[in-house]
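Asks: Below you will find the structure I want to go over with you.
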Amino acid sequence: MKKEKLYIWPYLLIAPALFIVAAVVFVPVANAILMSFQSYDLRRPREIVFIGLANYIEVFHDPIFWGSLLRTALWVIFGVGFQFLFGFILANFLNKSFKGRGIIRSVSLIPWVTPGVLIGLMWRWIYDGSYGVLNDLLKKVGLIDMPIPFLAQESTVMPSVIVTIIWQGIPFFALMLLAGLQGVPAELYEAADIDGANGAQKLFRITIPSIKNTIFVTTLLRIIWVANSVDVIFSMTGGGPAYASQTLSVYIFNKANSLNLGYSSTMSLLLTLLLLVVAVPYLKSMFRNQEG
Amino acid sequence: MKKRHSGLIDFFALYLPLGVILLFLLFPFYWTFVTSIKPKSELYGSVVTYWPQNVVFDSYHKLFVDFNFIKPMGNSLLVAGVTTLVSLLVSMLAAYAFSRFRFPGRKIFMIMFLTNNMFPTVLLLIPLYSIMRSMGILYTPIALILSYTTFTIPFSVWLLNGYLNDLPKSLEEAAMVDGASRSQAFLRIIFPVLIPCLVATGAYIFMTSWNEYTFAVLFTNETSRTIPVALKNLIGQLGVQWDLLTAGGIITIIPVCIMFFFAQKRLVAGLTAGAVKG
């Protein structure tokens, strides 16, 4: 291949994108680190001073922080877990050939392109304790006598918001896994049929091993998105009642809304560190695939 | 090839479970639409109806006339439109560099772009708020355009890099042998082929900007607020007005749905390409 003489070209080409990213991501991250060591509260702008690790110590003694962290774990484990399960089932159906598959495939992706706020509001209305359609349906089939205020009581609010995030995430999983499934050679299944393999054997010996990488990458990506998601819970419950549906990112958002920026920066840095556990393998794998 | 099943087996093994999942995925949209065309009396009546006895479009009328919903729609269109143009342009340049040149630091720069999507939005939200405040662009559309451009750059670069890698280098090389400069070769040969991919990437950028809430709620005020913020604000003012809210919701998703249906084939191919390999 001919060598480019001017090595300045590629740098010039990436400069604009790099500049914007640096200004809007890297500077703020540095800023957040700085703020986490300050008593940065916009309600008391004259008292902004360096306070060392005081924010971090306060976070570790904050029971709401630990509660929110626990709910983030539940939110991610059940949310992403069931998104994967139903996404996998849907992808397998969509991988079959039948009439109307194309249109069903596009239509089933609509939740993925719906704004998070709207998703939260639509489900809030479905769950409504007085006029909600879910209560009406449950009454009609005889499961309940009295309507359940799903989002207003502590025992039901977390499962309710988790169902909503599952609903949001199924299409993306289905889309990624379907692409993976379409890459599995049909001969593998034919060979397995000849050898007399049953459905479960084909699933665990062929399907899952073949799309292992897709499952891995998609799951990591979803974990990051779901853990960071604010808008769905915020528009459904605002984190209530009494913090019962407040995940860490919602807690941080609420704190930032109340202008205690030092404290919320501290918590968001801790969340970032936690998510690195997931982000590093994701980045590694994306990069390996791209170059490979 | 597939074995031939009887219709009954097909029904229980395919159509029934598929139907249940689809019902779960689509019912909320149906319900939102039905709610938006119900008269108030029926909406808050003692009996829940699954199709309105009287179909009315009062809520849509009210949304535009009393609540001036056209204003946030215009704001959203402005923000999403400008973001799409800016982000597409800078992403295309960067993706071309990553795809066609091998230069020192290439890997590190690519990782830097990808890393940027790993930060929680709440982490960036707070410092950006104070930076934009001190720069005097808080509450202007520029604040959102800048933020959204940044968040859409990584994926756009990634998508376009993938599409470009699929185009053989010999395409431009032939033109360059014939005496065209690199930029001429790009504009005349690569760009026309790339247009459908640019449309797909642009649709992704537009949808992301159109839908975003967390930044929009902090970085806008009454005059610059976008649709998601306006939707959520319908709650604050007079309790929850579900007829208005659902009407606003339907109006919000129509543009993204139309855009998505046009762009989906290439968009899905680009999105899945990175994850499926290997």
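Identifiers in this document derive from the order of the structure tokens: chains are assigned A, B, ..., residues are numbered from 1 separately in each chain, and ligands are numbered from 1 in order of occurrence.
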Determine, counting only C-alpha atoms, which protein, DNA and RNA residues have an atom within 9 Å of an atom of Gln246 in chain A; residues of the same chain fewer than 4 positions away are not included. Present the result as a list of chain:residue names.
Replies: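 Neighbouring residues, sequence-local ones excluded: A:Ile64, A:Gly67, A:Ser68, A:Leu69, A:Arg71, A:Thr72, A:Met158, A:Ile233, A:Phe234, A:Thr237, A:Gly238, A:Gly239, A:Gly240, A:Pro241, A:Ala242, A:Val250, A:Tyr251.
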Asks: Write a file of the selected residues as a CSV table (one decimal), in the first residue's frame, keeping N, CA and C atoms.
Replies:
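The resulting result.csv:
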chain,number,residue,atom,x,y,z
A,64,ILE,N,-29.3,6.5,52.8
A,64,ILE,CA,-30.1,6.6,51.6
A,64,ILE,C,-29.2,6.1,50.4
A,67,GLY,N,-29.1,2.4,50.4
A,67,GLY,CA,-30.4,1.8,50.0
A,67,GLY,C,-30.5,2.0,48.5
A,68,SER,N,-30.1,3.2,48.0
A,68,SER,CA,-30.2,3.4,46.5
A,68,SER,C,-29.3,2.5,45.7
A,69,LEU,N,-28.1,2.2,46.3
A,69,LEU,CA,-27.2,1.3,45.7
A,69,LEU,C,-27.8,-0.1,45.6
A,71,ARG,N,-31.0,-0.8,45.5
A,71,ARG,CA,-32.1,-0.8,44.5
A,71,ARG,C,-31.5,-0.8,43.1
A,72,THR,N,-30.3,-0.1,42.9
A,72,THR,CA,-29.7,-0.1,41.6
A,72,THR,C,-29.3,-1.6,41.2
A,158,MET,N,-41.2,-1.0,43.4
A,158,MET,CA,-39.9,-1.5,42.7
A,158,MET,C,-40.2,-2.5,41.7
A,233,ILE,N,-37.7,6.0,35.8
A,233,ILE,CA,-38.2,6.1,37.2
A,233,ILE,C,-38.6,7.5,37.6
A,234,PHE,N,-37.8,8.5,37.1
A,234,PHE,CA,-38.1,9.8,37.5
A,234,PHE,C,-39.5,10.3,37.1
A,237,THR,N,-42.2,7.8,39.3
A,237,THR,CA,-42.4,8.0,40.8
A,237,THR,C,-41.5,9.1,41.4
A,238,GLY,N,-40.5,9.6,40.6
A,238,GLY,CA,-39.6,10.5,41.2
A,238,GLY,C,-38.7,9.9,42.2
A,239,GLY,N,-38.8,8.6,42.4
A,239,GLY,CA,-37.9,7.9,43.4
A,239,GLY,C,-38.7,7.4,44.6
A,240,GLY,N,-40.0,7.9,44.7
A,240,GLY,CA,-40.8,7.6,45.9
A,240,GLY,C,-41.6,6.4,45.7
A,241,PRO,N,-42.5,6.0,46.6
A,241,PRO,CA,-42.7,6.8,47.9
A,241,PRO,C,-41.6,6.5,48.9
A,242,ALA,N,-41.2,7.5,49.6
A,242,ALA,CA,-40.2,7.4,50.6
A,242,ALA,C,-39.0,6.7,50.2
A,250,VAL,N,-31.0,8.0,40.1
A,250,VAL,CA,-32.1,8.9,40.4
A,250,VAL,C,-31.8,9.8,41.6
A,251,TYR,N,-31.2,9.1,42.6
A,251,TYR,CA,-30.8,9.9,43.8
A,251,TYR,C,-29.8,11.0,43.5
Asks: Determine, counting only C-alpha atoms, which protein, DNA and RNA residues have an atom within 10 Å of an atom of Phe37 in chain A; residues of the same chain fewer than 5 positions away are not included. Present the result as an MDAnalysis selection string.
Replies: chainID A and resid 32 49:56 262:263 265:266
Asks: At a cut-off of 12 Å, using only C-alpha atoms, what residues contact range 100-105 of chain A? Leave out same-chain residues fewer than 6 positions from it and give the result as a list of chain:residue names.
Replies: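 The residues that qualify are A:Leu90, A:Ala91, A:Asn92, A:Phe93, A:Leu94, A:Pro111, A:Pro171, A:Phe172, A:Ala174, A:Leu175, A:Leu178, A:Ala179, B:Leu14, B:Tyr15, B:Leu18, B:Gly19, B:Ile21, B:Leu22, B:Leu23, B:Leu25, B:Leu26, B:Phe261, B:Gln264, B:Lys265, B:Val268.
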Asks: Which residue, B:Ile137, B:Leu167, B:Leu16, B:Ala95, has the smallest gap to Phe113 in chain B when you use only C-alpha atoms?
Replies: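 Nearest candidate to Phe113 in chain B out of B:Ile137, B:Leu167, B:Leu16, B:Ala95: B:Ala95.
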Asks: Show which residues sit within 10 Å of range 141-149 of chain B, as a PyMOL selection string. Count only C-alpha atoms, and ignore same-chain residues fewer than 4 positions away.
Replies: (chain A and resi 17+20-21+23-25) or (chain B and resi 75-76+78-88+90-91+124-125+128-129+132-133+135-137+153-154+156+205-206+208-210+212+215-216+218-220+223-226)
Asks: Can you tell me, as a ChimeraX atom specification, which residues in range 50-291 of chain A count as helix (DSSP H, G or I) by DSSP?
Replies: /A:54-60,63-94,101-107,110-113,116-127,133-140,154-182,186-194,199-210,212-228,231-236,248-257,261-291
Asks: Can you tell me, as an MDAnalysis selection string, what residues are no more than 12 Å from Val193 in chain B when counting only C-alpha atoms, ignoring any on the same chain fewer than 3 positions away?
Replies: chainID B and resid 163:164 166:168 171:172 185:190 196:199
Asks: Put those residues in a file: C-alpha atoms, as a compact mmCIF listing (two decimals), in the first residue's frame.
Replies:
# COMPACT_ATOMS: atom_id res chain seq x y z
CA TYR B 163 -19.94 1.30 6.98
CA LEU B 164 -16.76 2.83 5.55
CA ASP B 166 -17.20 -2.17 4.10
CA LEU B 167 -16.42 0.10 1.16
CA PRO B 168 -13.27 -1.10 -0.63
CA LEU B 171 -12.74 2.85 -4.91
CA GLU B 172 -10.91 6.04 -4.00
CA ALA B 185 -12.05 11.31 -4.30
CA PHE B 186 -14.04 11.37 -1.08
CA LEU B 187 -16.63 13.86 -2.30
CA ARG B 188 -17.13 12.28 -5.74
CA ILE B 189 -16.74 8.59 -5.02
CA ILE B 190 -17.28 7.79 -1.34
CA PRO B 196 -27.90 5.94 2.82
CA CYS B 197 -25.59 5.19 5.76
CA LEU B 198 -25.47 8.87 6.64
CA VAL B 199 -29.27 8.92 6.61
Asks: A:Ile48, A:Val232, A:Ile14, A:Ala197: which is nearest Met35 in chain A, counting only C-alpha atoms?
Replies: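 Smallest distance to Met35 in chain A is found for A:Ile48.
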Asks: Would you compute the distance between CA of Leu275 in chain A and CA of Phe26 in chain A? Give it in Å to one decimal.
Replies: 17.2 Å
Asks: Given the choices B:Gly179, B:Pro17, B:Pro52, B:Gly74, which gets closest to chain A if the distance is worked out from only C-alpha atoms?
Replies: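 Using only C-alpha atoms, chain A sits closest to B:Pro17.
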Asks: So which residues touch Leu220 in chain A within 12 Å, counting only C-alpha atoms, skipping near sequence neighbours fewer than 6 positions away, as JSON, numbers by chain?
Replies: {"A": [76, 77, 80, 81, 84, 173, 213, 214, 226, 227, 275, 276, 277, 278, 279, 280, 281, 282, 283, 284, 285, 286], "B": [118, 275]}
Asks: Pick from B:Val55, B:Met110, B:Met259, B:Ala230: nearest to Trp158 in chain B, with only C-alpha atoms counted?
Replies: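 Residue with the minimum atom-to-atom distance to Trp158 in chain B: B:Met110.
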